[in-house]
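This is entry.cif. It holds mmCIF, C-alpha atoms and all ligand atoms.
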```
data_input
loop_
_atom_site.label_atom_id
_atom_site.label_comp_id
_atom_site.auth_asym_id
_atom_site.auth_seq_id
_atom_site.Cartn_x
_atom_site.Cartn_y
_atom_site.Cartn_z
CA MET C 1 73.53 110.50 115.56
CA ILE C 2 74.15 106.79 115.23
CA ASP C 3 73.39 104.26 112.54
CA SER C 4 71.93 106.75 110.12
CA ASN C 5 72.11 107.44 106.42
CA ASP C 6 74.27 110.50 107.05
CA PHE C 7 77.61 108.75 106.99
CA ASN C 8 78.01 107.39 103.48
CA SER C 9 75.60 107.75 100.56
CA TYR C 10 76.61 104.41 99.02
CA PHE C 11 75.83 102.51 102.25
CA ARG C 12 72.27 103.35 103.25
CA TYR C 13 69.52 101.77 105.30
CA LYS C 14 66.48 100.54 103.42
CA ASP C 15 63.64 99.01 105.42
CA GLY C 16 65.91 99.06 108.44
CA VAL C 17 68.71 97.05 106.84
CA LEU C 18 72.02 98.47 105.63
CA HIS C 19 72.50 98.16 101.87
CA CYS C 20 75.51 98.70 99.64
CA GLU C 21 74.06 100.46 96.60
CA ASP C 22 70.89 98.39 96.04
CA VAL C 23 71.98 95.15 97.66
CA SER C 24 71.11 94.15 101.22
CA ILE C 25 74.23 93.36 103.22
CA GLU C 26 72.29 90.60 104.99
CA THR C 27 71.63 88.97 101.63
CA ILE C 28 75.31 89.04 100.74
CA ALA C 29 76.33 87.65 104.15
CA LYS C 30 73.88 84.76 103.78
CA LYS C 31 75.48 83.88 100.48
CA VAL C 32 79.20 84.33 101.21
CA GLY C 33 79.56 84.06 105.00
CA THR C 34 81.54 86.46 107.18
CA PRO C 35 83.79 88.36 107.53
CA PHE C 36 84.03 90.06 104.15
CA TYR C 37 85.17 93.30 102.60
CA LEU C 38 82.45 94.99 100.60
CA TYR C 39 83.02 97.65 97.94
CA SER C 40 80.67 99.86 95.96
CA LYS C 41 81.73 100.13 92.33
CA LYS C 42 79.74 103.32 91.93
CA ALA C 43 81.54 104.93 94.86
CA ILE C 44 84.90 104.19 93.20
CA ILE C 45 83.86 105.45 89.78
CA ASP C 46 82.28 108.60 91.22
CA LYS C 47 85.56 109.39 92.99
CA ILE C 48 87.58 108.75 89.84
CA ASN C 49 85.31 111.17 88.00
CA GLU C 50 85.60 113.73 90.77
CA TYR C 51 89.39 113.66 90.37
CA LYS C 52 89.19 113.73 86.56
CA GLU C 53 86.80 116.67 86.63
CA ALA C 54 88.92 118.60 89.14
CA PHE C 55 92.09 118.23 87.05
CA LYS C 56 90.57 118.27 83.56
CA ASP C 57 91.97 121.68 82.58
CA TYR C 58 95.58 120.76 83.27
CA PRO C 59 97.65 117.93 81.76
CA THR C 60 97.53 115.43 84.62
CA ILE C 61 98.19 111.72 84.96
CA ILE C 62 96.27 110.17 87.82
CA CYS C 63 98.23 107.22 89.24
CA TYR C 64 96.19 105.28 91.79
CA ALA C 65 98.40 104.19 94.72
CA ALA C 66 97.94 100.44 94.46
CA LYS C 67 99.05 99.77 98.03
CA ALA C 68 95.73 101.19 99.28
CA ASN C 69 93.91 98.23 97.73
CA SER C 70 95.49 95.99 95.13
CA ASN C 71 92.66 93.57 94.46
CA LEU C 72 92.81 92.73 90.74
CA SER C 73 89.15 93.56 90.15
CA ILE C 74 89.62 96.92 91.86
CA LEU C 75 92.73 97.63 89.74
CA LYS C 76 90.68 96.64 86.70
CA ILE C 77 88.12 99.36 87.52
CA PHE C 78 90.93 101.91 87.54
CA GLN C 79 92.34 100.52 84.29
CA GLU C 80 88.93 100.69 82.60
CA ASN C 81 88.69 104.33 83.65
CA ASP C 82 92.12 105.22 82.23
CA ILE C 83 93.81 105.59 85.61
CA GLY C 84 97.47 104.68 86.01
CA CYS C 85 99.23 103.22 89.02
CA ASP C 86 101.69 104.29 91.68
CA ILE C 87 103.45 101.12 92.80
CA VAL C 88 105.87 100.35 95.62
CA SER C 89 106.96 96.79 94.82
CA GLY C 90 107.50 94.23 92.10
CA GLY C 91 104.37 92.46 93.31
CA GLU C 92 102.29 95.56 92.74
CA LEU C 93 103.84 95.98 89.29
CA TYR C 94 102.91 92.39 88.50
CA LYS C 95 99.31 92.97 89.59
CA ALA C 96 99.05 96.32 87.80
CA LYS C 97 100.20 94.71 84.55
CA LYS C 98 97.80 91.78 85.09
CA ALA C 99 95.00 94.32 85.40
CA GLY C 100 96.09 95.84 82.10
CA ILE C 101 97.42 99.16 83.40
CA PRO C 102 99.68 100.56 80.66
CA SER C 103 103.36 100.97 81.55
CA ASN C 104 103.39 104.61 80.49
CA LYS C 105 101.06 105.32 83.40
CA ILE C 106 103.06 103.49 86.07
CA VAL C 107 105.36 105.24 88.54
CA TYR C 108 107.39 103.35 91.11
CA ALA C 109 108.27 104.77 94.56
CA GLY C 110 109.85 103.20 97.64
CA VAL C 111 113.13 103.49 99.53
CA GLY C 112 114.09 99.84 99.15
CA LYS C 113 113.72 98.57 95.61
CA THR C 114 115.60 95.29 95.05
CA ASP C 115 117.74 94.60 91.96
CA PHE C 116 115.14 92.08 90.85
CA GLU C 117 112.35 94.63 91.15
CA ILE C 118 114.35 97.32 89.36
CA GLU C 119 115.13 95.02 86.44
CA PHE C 120 111.49 93.93 86.23
CA ALA C 121 110.32 97.55 86.09
CA ILE C 122 112.96 98.53 83.51
CA ARG C 123 111.95 95.62 81.28
CA GLU C 124 108.28 96.68 81.65
CA ASN C 125 109.37 100.17 80.56
CA ILE C 126 107.46 102.04 83.27
CA LEU C 127 107.01 105.80 83.06
CA SER C 128 109.25 106.65 86.03
CA PHE C 129 111.19 105.35 88.96
CA ASN C 130 110.63 107.78 91.80
CA VAL C 131 114.09 107.39 93.30
CA GLU C 132 114.78 107.96 96.94
CA SER C 133 118.60 107.95 97.23
CA TYR C 134 121.71 108.61 95.18
CA GLN C 135 122.79 105.01 95.45
CA GLU C 136 119.47 103.91 93.98
CA ILE C 137 120.20 106.04 90.88
CA GLU C 138 123.60 104.36 90.48
CA VAL C 139 122.03 100.91 90.75
CA ILE C 140 119.18 101.69 88.34
CA ASN C 141 121.77 102.99 85.85
CA SER C 142 123.89 99.87 86.04
CA ILE C 143 120.92 97.52 85.74
CA ALA C 144 119.57 99.55 82.80
CA GLU C 145 122.98 99.31 81.15
CA LYS C 146 123.04 95.55 81.69
CA VAL C 147 119.67 95.09 79.97
CA GLY C 148 120.48 97.66 77.29
CA LYS C 149 117.78 100.19 78.13
CA VAL C 150 117.39 103.72 79.41
CA ALA C 151 115.43 104.07 82.64
CA ARG C 152 113.37 107.19 83.29
CA ILE C 153 113.61 108.60 86.79
CA SER C 154 112.19 111.36 88.93
CA ILE C 155 113.84 112.30 92.18
CA ARG C 156 111.69 112.14 95.27
CA VAL C 157 112.51 115.18 97.33
CA ASN C 158 111.65 115.67 100.93
CA PRO C 159 110.26 119.20 101.30
CA ASP C 160 110.29 119.10 105.12
CA VAL C 161 106.61 119.87 105.60
CA ASP C 162 104.47 118.73 108.52
CA PRO C 163 101.23 117.24 107.13
CA LYS C 164 99.73 117.05 110.65
CA THR C 165 98.72 113.44 110.43
CA HIS C 166 99.70 110.28 112.32
CA PRO C 167 103.54 110.06 112.64
CA TYR C 168 103.57 106.63 110.98
CA ILE C 169 101.95 108.03 107.83
CA SER C 170 103.84 111.30 107.79
CA THR C 171 106.55 110.97 105.15
CA GLY C 172 107.85 114.41 104.18
CA MET C 173 109.64 115.63 107.29
CA LYS C 174 113.39 116.00 107.75
CA LYS C 175 113.89 112.94 109.94
CA SER C 176 111.81 110.69 107.69
CA LYS C 177 113.47 107.88 105.72
CA PHE C 178 111.76 109.00 102.50
CA GLY C 179 113.15 111.07 99.67
CA ILE C 180 116.23 113.24 99.31
CA ASP C 181 116.45 116.44 101.35
CA ILE C 182 115.33 119.31 99.20
CA ASP C 183 118.53 121.25 99.96
CA GLU C 184 120.65 118.44 98.54
CA ALA C 185 118.42 117.75 95.56
CA LEU C 186 120.08 120.19 93.13
CA ASN C 187 123.40 118.52 93.73
CA ILE C 188 121.97 115.04 93.21
CA TYR C 189 120.23 116.10 89.99
CA LYS C 190 123.53 117.41 88.66
CA LYS C 191 125.34 114.22 89.57
CA ALA C 192 122.56 112.10 88.06
CA MET C 193 122.99 113.85 84.69
CA GLN C 194 126.24 111.96 84.10
CA PHE C 195 124.57 108.55 83.86
CA LYS C 196 124.15 107.24 80.31
CA ASN C 197 121.31 104.84 81.01
CA ILE C 198 119.21 107.26 83.02
CA GLU C 199 116.82 109.87 81.69
CA ILE C 200 115.76 112.38 84.31
CA ILE C 201 112.14 113.32 83.65
CA GLY C 202 110.69 114.72 86.83
CA VAL C 203 110.48 115.59 90.44
CA HIS C 204 108.37 113.81 93.03
CA CYS C 205 107.20 114.43 96.55
CA HIS C 206 104.70 112.70 98.82
CA ILE C 207 104.27 114.26 102.23
CA GLY C 208 102.03 111.78 104.01
CA SER C 209 98.59 110.25 104.21
CA GLN C 210 95.14 111.05 105.62
CA ILE C 211 95.91 114.77 105.25
CA MET C 212 92.89 116.84 106.20
CA SER C 213 93.92 120.29 105.00
CA ILE C 214 95.27 121.71 101.77
CA SER C 215 97.86 124.05 103.30
CA PRO C 216 100.65 121.46 103.74
CA TYR C 217 100.31 120.70 100.01
CA ILE C 218 100.60 124.37 99.08
CA GLU C 219 103.72 124.61 101.22
CA ALA C 220 105.31 121.45 99.82
CA VAL C 221 104.46 122.08 96.17
CA SER C 222 105.71 125.69 96.42
CA LYS C 223 109.04 124.51 97.83
CA VAL C 224 109.41 121.92 95.08
CA ALA C 225 108.44 124.50 92.43
CA GLU C 226 111.35 126.65 93.61
CA LEU C 227 113.64 123.68 93.11
CA VAL C 228 112.29 123.18 89.58
CA ASP C 229 113.21 126.82 88.85
CA LYS C 230 116.73 126.32 90.14
CA LEU C 231 117.09 123.19 88.02
CA LYS C 232 115.97 125.08 84.93
CA LYS C 233 118.65 127.70 85.56
CA GLU C 234 121.19 124.89 85.65
CA GLY C 235 119.91 123.59 82.33
CA ILE C 236 118.07 120.61 83.81
CA GLU C 237 114.68 120.51 82.09
CA LEU C 238 112.04 118.25 83.57
CA LYS C 239 108.70 117.08 82.22
CA TYR C 240 106.71 115.88 85.22
CA PHE C 241 105.83 117.32 88.61
CA ASP C 242 104.52 114.46 90.75
CA ILE C 243 102.90 115.70 93.94
CA GLY C 244 102.12 112.29 95.44
CA GLY C 245 98.89 111.39 97.21
CA GLY C 246 97.66 111.69 100.75
CA ILE C 247 94.26 113.38 100.65
CA GLY C 248 92.27 112.33 103.70
CA ILE C 249 88.83 110.73 103.92
CA LYS C 250 85.89 110.61 106.32
CA TYR C 251 86.42 108.07 109.10
CA LYS C 252 84.35 109.81 111.78
CA ILE C 253 80.98 111.35 111.16
CA THR C 254 82.45 114.76 112.02
CA ASP C 255 85.44 114.49 109.64
CA GLU C 256 85.58 117.04 106.83
CA PRO C 257 88.22 115.96 104.32
CA PRO C 258 89.42 118.41 101.67
CA ASN C 259 87.28 118.81 98.61
CA ILE C 260 89.12 117.48 95.52
CA LYS C 261 88.18 120.49 93.39
CA ASP C 262 89.53 122.90 96.05
CA PHE C 263 92.70 120.82 96.22
CA ALA C 264 93.15 121.00 92.43
CA ASN C 265 92.43 124.72 92.36
CA ALA C 266 95.08 125.35 95.01
CA ILE C 267 97.79 123.17 93.45
CA ILE C 268 97.42 123.69 89.71
CA PRO C 269 98.41 127.40 89.63
CA ILE C 270 101.67 126.61 91.44
CA VAL C 271 102.52 123.71 89.14
CA LYS C 272 101.47 125.72 86.08
CA GLN C 273 104.23 128.24 86.75
CA THR C 274 106.79 125.49 86.31
CA GLY C 275 105.27 124.45 82.98
CA LEU C 276 105.51 120.79 83.95
CA ASN C 277 102.83 118.15 83.53
CA LEU C 278 101.23 117.01 86.72
CA ILE C 279 101.14 113.52 88.23
CA ILE C 280 98.99 112.81 91.27
CA GLU C 281 98.99 109.59 93.29
CA PRO C 282 95.80 109.35 95.34
CA GLY C 283 95.20 106.03 97.10
CA ARG C 284 93.03 106.27 100.17
CA SER C 285 90.77 109.00 98.78
CA LEU C 286 89.90 106.93 95.70
CA ILE C 287 88.95 103.71 97.45
CA GLY C 288 88.68 104.25 101.22
CA GLU C 289 85.08 105.36 101.60
CA ALA C 290 83.97 102.90 98.91
CA GLY C 291 84.58 99.93 101.20
CA ALA C 292 83.36 98.46 104.46
CA LEU C 293 84.36 95.42 106.48
CA ILE C 294 81.33 93.32 107.36
CA THR C 295 81.64 91.14 110.41
CA LYS C 296 79.30 89.00 112.50
CA VAL C 297 78.70 89.19 116.24
CA LEU C 298 79.91 86.03 117.94
CA PHE C 299 79.36 86.88 121.60
CA LEU C 300 78.28 89.67 123.90
CA LYS C 301 80.18 89.94 127.13
CA ASP C 302 79.46 92.28 130.02
CA LYS C 303 82.09 93.18 132.55
CA LYS C 304 81.72 95.62 135.41
CA GLU C 305 83.61 98.34 133.57
CA LYS C 306 82.62 97.67 130.00
CA HIS C 307 80.47 95.86 127.53
CA PHE C 308 82.13 93.95 124.75
CA VAL C 309 80.80 92.98 121.36
CA ILE C 310 83.04 90.19 120.12
CA VAL C 311 82.98 89.82 116.35
CA ASP C 312 84.44 87.36 113.86
CA SER C 313 86.92 89.82 112.38
CA GLY C 314 89.93 91.38 114.00
CA MET C 315 93.30 93.01 113.55
CA ASN C 316 94.39 90.43 111.01
CA ASP C 317 91.65 91.72 108.70
CA LEU C 318 91.82 95.42 109.63
CA VAL C 319 94.99 96.45 111.42
CA ARG C 320 94.54 100.24 111.28
CA PRO C 321 92.89 100.63 114.70
CA SER C 322 95.71 98.63 116.30
CA ILE C 323 98.73 100.23 114.64
CA TYR C 324 97.59 103.80 113.94
CA ASP C 325 95.01 104.09 116.70
CA ALA C 326 92.69 104.72 113.76
CA TYR C 327 89.01 105.42 114.19
CA HIS C 328 86.52 103.72 111.85
CA HIS C 329 82.83 104.56 112.07
CA ILE C 330 80.92 101.39 112.97
CA MET C 331 77.24 100.72 112.28
CA ALA C 332 74.89 97.85 113.03
CA VAL C 333 73.52 96.39 109.80
CA LYS C 334 70.00 96.14 111.29
CA ILE C 335 68.34 99.23 112.78
CA LYS C 336 66.85 98.69 116.25
CA ASP C 337 65.25 101.12 118.68
CA LYS C 338 67.61 100.29 121.52
CA THR C 339 71.28 101.18 121.45
CA ILE C 340 74.31 99.88 123.32
CA LYS C 341 77.71 101.30 124.15
CA ALA C 342 80.51 98.79 123.88
CA ASP C 343 83.99 97.98 122.69
CA ILE C 344 83.82 96.17 119.37
CA VAL C 345 86.63 93.64 119.56
CA GLY C 346 88.03 90.79 117.50
CA PRO C 347 88.98 87.21 118.31
CA ILE C 348 92.77 87.70 118.12
CA CYS C 349 94.83 87.04 121.24
CA GLU C 350 96.12 90.61 121.63
CA SER C 351 94.73 93.48 123.69
CA GLY C 352 95.36 95.71 120.69
CA ASP C 353 92.81 93.71 118.72
CA PHE C 354 89.87 96.08 118.59
CA LEU C 355 87.82 97.68 115.84
CA GLY C 356 86.28 100.40 118.00
CA ILE C 357 86.32 101.52 121.64
CA ASP C 358 83.26 102.81 123.56
CA ARG C 359 81.02 102.84 120.51
CA GLU C 360 77.34 103.50 120.55
CA ILE C 361 75.53 101.39 117.98
CA CYS C 362 72.08 99.82 117.66
CA GLN C 363 71.58 96.81 119.92
CA VAL C 364 73.14 93.73 118.39
CA GLU C 365 72.82 90.10 119.31
CA ARG C 366 74.75 86.96 118.52
CA GLY C 367 74.56 86.42 114.75
CA ASP C 368 73.87 90.07 113.86
CA LEU C 369 76.10 91.92 111.43
CA VAL C 370 78.20 95.00 112.01
CA ALA C 371 79.73 97.25 109.32
CA VAL C 372 83.13 98.85 109.88
CA MET C 373 83.05 101.82 107.54
CA SER C 374 85.67 103.51 105.34
CA ALA C 375 87.68 100.29 105.20
CA GLY C 376 88.29 100.22 101.46
CA ALA C 377 91.86 101.52 101.76
CA TYR C 378 94.65 99.88 103.77
CA GLY C 379 92.13 97.25 104.91
CA ALA C 380 92.36 94.11 102.80
CA SER C 381 95.78 95.17 101.49
CA MET C 382 97.24 95.22 105.00
CA SER C 383 95.50 92.06 106.19
CA SER C 384 97.42 89.02 107.40
CA ASN C 385 96.96 85.44 108.49
CA TYR C 386 97.90 86.13 112.11
CA ASN C 387 96.45 83.51 114.46
CA VAL C 388 96.21 81.31 111.32
CA ARG C 389 93.05 83.03 110.24
CA PRO C 390 92.04 82.87 106.59
CA ARG C 391 91.83 86.35 105.09
CA ALA C 392 88.40 87.87 104.58
CA LEU C 393 86.64 87.34 101.28
CA GLU C 394 86.01 90.43 99.13
CA VAL C 395 82.79 91.41 97.35
CA LEU C 396 82.10 94.12 94.76
CA VAL C 397 78.60 95.57 94.40
CA ASP C 398 77.44 97.06 91.12
CA ASN C 399 73.88 98.46 91.35
CA ASN C 400 71.74 95.48 92.33
CA ASN C 401 74.38 92.86 91.59
CA PHE C 402 77.26 91.62 93.65
CA LYS C 403 80.19 89.35 92.92
CA ILE C 404 83.03 87.81 94.85
CA ILE C 405 86.33 89.41 93.81
CA ARG C 406 88.51 87.40 96.17
CA GLU C 407 87.59 83.96 97.45
CA ARG C 408 87.91 83.13 101.10
CA GLU C 409 91.20 81.43 101.90
CA ASP C 410 90.81 77.93 103.31
CA TYR C 411 92.98 75.89 105.67
CA ASN C 412 94.56 74.04 102.77
CA TYR C 413 95.70 77.32 101.23
CA LEU C 414 97.13 78.37 104.58
CA ILE C 415 99.39 75.35 104.98
CA LYS C 416 100.26 74.72 101.35
CA LEU C 417 103.72 76.28 101.26
CA GLU C 418 104.71 74.66 104.55
CA GLU C 419 103.24 71.25 103.87
CA GLU C 420 105.27 70.87 100.70
CA VAL C 421 108.55 71.16 102.58
CA ILE C 422 107.74 69.48 105.89
CA GLN C 423 110.40 66.91 106.92
C1 LIG T 1 101.14 105.64 100.03
C2 LIG T 1 101.55 106.51 98.92
C3 LIG T 1 100.60 107.20 98.16
C4 LIG T 1 99.14 107.17 98.46
O1 LIG T 1 98.81 107.78 99.65
P1 LIG T 1 97.27 107.94 100.06
O2 LIG T 1 97.31 108.58 101.37
O3 LIG T 1 96.68 106.59 100.10
O4 LIG T 1 96.64 108.82 99.01
C5 LIG T 1 101.06 107.96 97.10
N1 LIG T 1 102.37 108.05 96.81
C6 LIG T 1 103.31 107.40 97.52
C7 LIG T 1 104.73 107.53 97.15
C8 LIG T 1 102.93 106.61 98.60
O5 LIG T 1 103.86 105.98 99.33
#
```
How would this structure read if it were set down as C-alpha cells?
Amino acid sequence: MIDSNDFNSYFRYKDGVLHCEDVSIETIAKKVGTPFYLYSKKAIIDKINEYKEAFKDYPTIICYAAKANSNLSILKIFQENDIGCDIVSGGELYKAKKAGIPSNKIVYAGVGKTDFEIEFAIRENILSFNVESYQEIEVINSIAEKVGKVARISIRVNPDVDPKTHPYISTGMKKSKFGIDIDEALNIYKKAMQFKNIEIIGVHCHIGSQIMSISPYIEAVSKVAELVDKLKKEGIELKYFDIGGGIGIKYKITDEPPNIKDFANAIIPIVKQTGLNLIIEPGRSLIGEAGALITKVLFLKDKKEKHFVIVDSGMNDLVRPSIYDAYHHIMAVKIKDKTIKADIVGPICESGDFLGIDREICQVERGDLVAVMSAGAYGASMSSNYNVRPRALEVLVDNNNFKIIREREDYNYLIKLEEEVIQ
C-alpha cells in the first residue's frame, strides 16, 4: 500500500495532504521553502516515555546518542525530559552543555579522542569516558593529573557478536576498530587500576546500529556480565553496566523493529545479576521515526528504461541511501488517484545521489512535495555542503505550531571562512 496513514502515526494525511501532527506540510513549505527537515516533538517525547516506562523498575540512565541528531532544540527536548547524552566528540560535548545536559549524565565514547577533547571533558567532569584502548587510559590519566582531577572511565569491550546489520554500522565484531577484545579486558582493567588519576566505574559495549532483533543484545550483555563476574573475583568493583544503543527503527513499511519493553525485559534480568546500574545509549530509535526530509520536485524525466523524479534535495542532505544503501520510505505530500514508479534522485553530480530507487508513489508534478520518511536520525547530522549546497533548514512541530530550529544556510555563510583568508 502506498502513501497511506499506515506508515507513521505522527505523519498522517488529512484532506489528502500530509500533515506532521496537526500542521500541513504544504503550509510549512510555503513559509520556509525547501528542502527542510521536519520533526514531530510529540513523536520524540512519546519515544522518551516509552524508554522511561520500559526501564522504570531498574536504576537506568538513558543517554541519548547525540550523533543521531545534535540540533540544539532537539537536545533541549532531551534535557527537559531528564535524558543524558552519549557523545563522541568535543563538539557534541559543547552542544550538550549548551542544551543544559548535566555532566553527570554524559558519557563519552570514540576510538580517537584528542588531547584537547579529553581535557575539555575532564574539566566538564563528565560521568564517564568510555575508553577504547589502553593507550587512551594512559593519556586520560596524564591529562587528568595535569589538571589536578580524577577522570572516571568505563572500558568499552568488544564482545564479538554479530548484530546482523550493515557492515558499516556493525561495531562489536572481532575485526572492528572499536573497543578492547573481551578476552583481553580483564588484563587491561588490572593494569588500569594502577593509575592515580583514573577511577574505573564501569564497563561499556555497543555492538552496532539498526539492530532488528534482541538476540544479539542478549548474547553481548551475557558475555559482558561474565566479565563483570571475573572482575569482581579480582576485587575490581564496578558501578555501571553500559550496554550502548543500536535498536532499529521502521524504514520500510514491512519493518518490525524490536519493541522497547521486550528489549528491556530481556536485558534487565542479565544486568540485575551483576548488581550494576544500567546505562543505555539509544540514538536512532529515539529520533529517527520522528523526522522526515521534505523536498520539492524540480523535474520529471522519462528515459526508455526508467522514470526519474528529480528533487531539490540529495545526498548532501541525506547520505544514508548513498553510503549504506539505506532504504527510506518515500511518500508524496499530496494524495492523487494515479501513481508512478520512478527513481527519486537529487541534484548532486554523482550516480550515488538517490533517495529511492524504483519507488511507487502518488503522481507528482513539478513543484509538488515529497516526504522522505524516518530521516530524523543520521540525516541532518550527517549532512554536508557538497556541491556548495546550503544545508537544509530544520523545523520542529508541536501540535498545531511549528518553528524553525535551524535557519537555512546562505551563500555568505558558505564562503565566510574562506573569504576571510583569500589572498
Ligand atoms: C552510535 C552510537 C550509539 C547510538 O546508536 P543508535 O544505533 O543510533 O542507537 C550509542 N553508543 C555508541 C558508542 C555509539 O557509537
Atom CA of Gly352 of chain C and atom CA of Ser322 of chain C are how many Å apart?
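Taking atom CA of Gly352 of chain C and atom CA of Ser322 of chain C, their separation equals 5.3 Å.
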Site check for ligand LIG 1 (chain T): residues at most 7 Å away, only C-alpha atoms and all ligand atoms, as JSON, numbers by chain
{"C": [65, 67, 68, 86, 109, 110, 206, 208, 209, 210, 244, 245, 246, 247, 248, 281, 282, 283, 284, 285]}
Minimum-distance residue to Ile323 of chain C, chosen among C:Val271, C:Ile340, C:Met382, C:Ala375 (using only C-alpha atoms):
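Nearest candidate to Ile323 of chain C out of C:Val271, C:Ile340, C:Met382, C:Ala375: C:Met382.
Comparing the minimum interatomic distances between Met315 of chain C and each of C:Leu231, C:Ile268, C:Leu298, C:Ala380, counting only C-alpha atoms, we find that C:Ala380 sits nearest.
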One decimal, in Å: what's the spacing between atom CA of Lys30 of chain C and atom CA of Ile77 of chain C?
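Separating atom CA of Lys30 of chain C from atom CA of Ile77 of chain C is a distance of 26.1 Å.
Residue nearest Cys63 of chain C, chosen from C:Lys105, C:Arg391, C:Lys177, C:Lys76 and counting only C-alpha atoms: C:Lys105.
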As an exercise, work out the distance from atom CA of Ile140 of chain C to atom CA of Asn125 of chain C in Å and give it to one decimal place.
12.6 Å
My list of candidates is C:Val150, C:Ala377, C:Ala99, C:Cys205. Which is closest to Arg320 of chain C when distances are computed with all atoms listed in the file?
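For Arg320 of chain C, the nearest of the given residues is C:Ala377.
If all atoms listed in the file are the atoms counted, then among C:Glu199, C:Glu136, C:Asp317, C:Glu124 the closest residue to Arg152 of chain C is C:Glu199.
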Expected answer as a VMD selection string: all residues with atoms within 6 Å of (75.9, 111.4, 110.0), all atoms listed in the file
chain C and resid 6 to 7 253
Let me have the centre and edge lengths in Å, one decimal, of the box along x, y and z around every listed atom of segment 115-133 of chain C with 3 Å of margin on each side, as JSON.
```
{"center_x": 112.8, "center_y": 100.0, "center_z": 88.9, "size_x": 17.6, "size_y": 21.9, "size_z": 22.7}
```
Between C:Tyr58, C:Phe402, C:Tyr94, C:Phe129, which residue has the minimum interatomic distance to Asn71 of chain C, considering all atoms listed in the file?
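Nearest to Asn71 of chain C: C:Tyr94.
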I'd like the contact shell of segment 141-147 of chain C - 8 Å cut-off, all atoms listed in the file, skipping same-chain residues fewer than 4 positions apart - returned as a ChimeraX atom specification.
/C:115,118-119,122-123,137,151,195-198
Convert the current residue selection to file output with C-alpha atoms, as a short mmCIF file (atom, residue, chain, number, x, y, z; two decimals), keeping the file's coordinate frame.
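The file below, part-v8.cif, is the result:
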```cif
data_model
loop_
_atom_site.label_atom_id
_atom_site.label_comp_id
_atom_site.auth_asym_id
_atom_site.auth_seq_id
_atom_site.Cartn_x
_atom_site.Cartn_y
_atom_site.Cartn_z
CA ASP C 115 117.74 94.60 91.96
CA ILE C 118 114.35 97.32 89.36
CA GLU C 119 115.13 95.02 86.44
CA ILE C 122 112.96 98.53 83.51
CA ARG C 123 111.95 95.62 81.28
CA ILE C 137 120.20 106.04 90.88
CA ALA C 151 115.43 104.07 82.64
CA PHE C 195 124.57 108.55 83.86
CA LYS C 196 124.15 107.24 80.31
CA ASN C 197 121.31 104.84 81.01
CA ILE C 198 119.21 107.26 83.02
#
```
Name all residues at most 10 Å from Val319 of chain C (count only C-alpha atoms; drop same-chain ones fewer than 5 positions away) and give them as a list in words.
Gly314, Tyr324, Asp325, Ala326, Gly352, Asp353, Phe354, Leu355, Tyr378, Gly379, Ala380, Met382, Ser383 and Ser384 of chain C
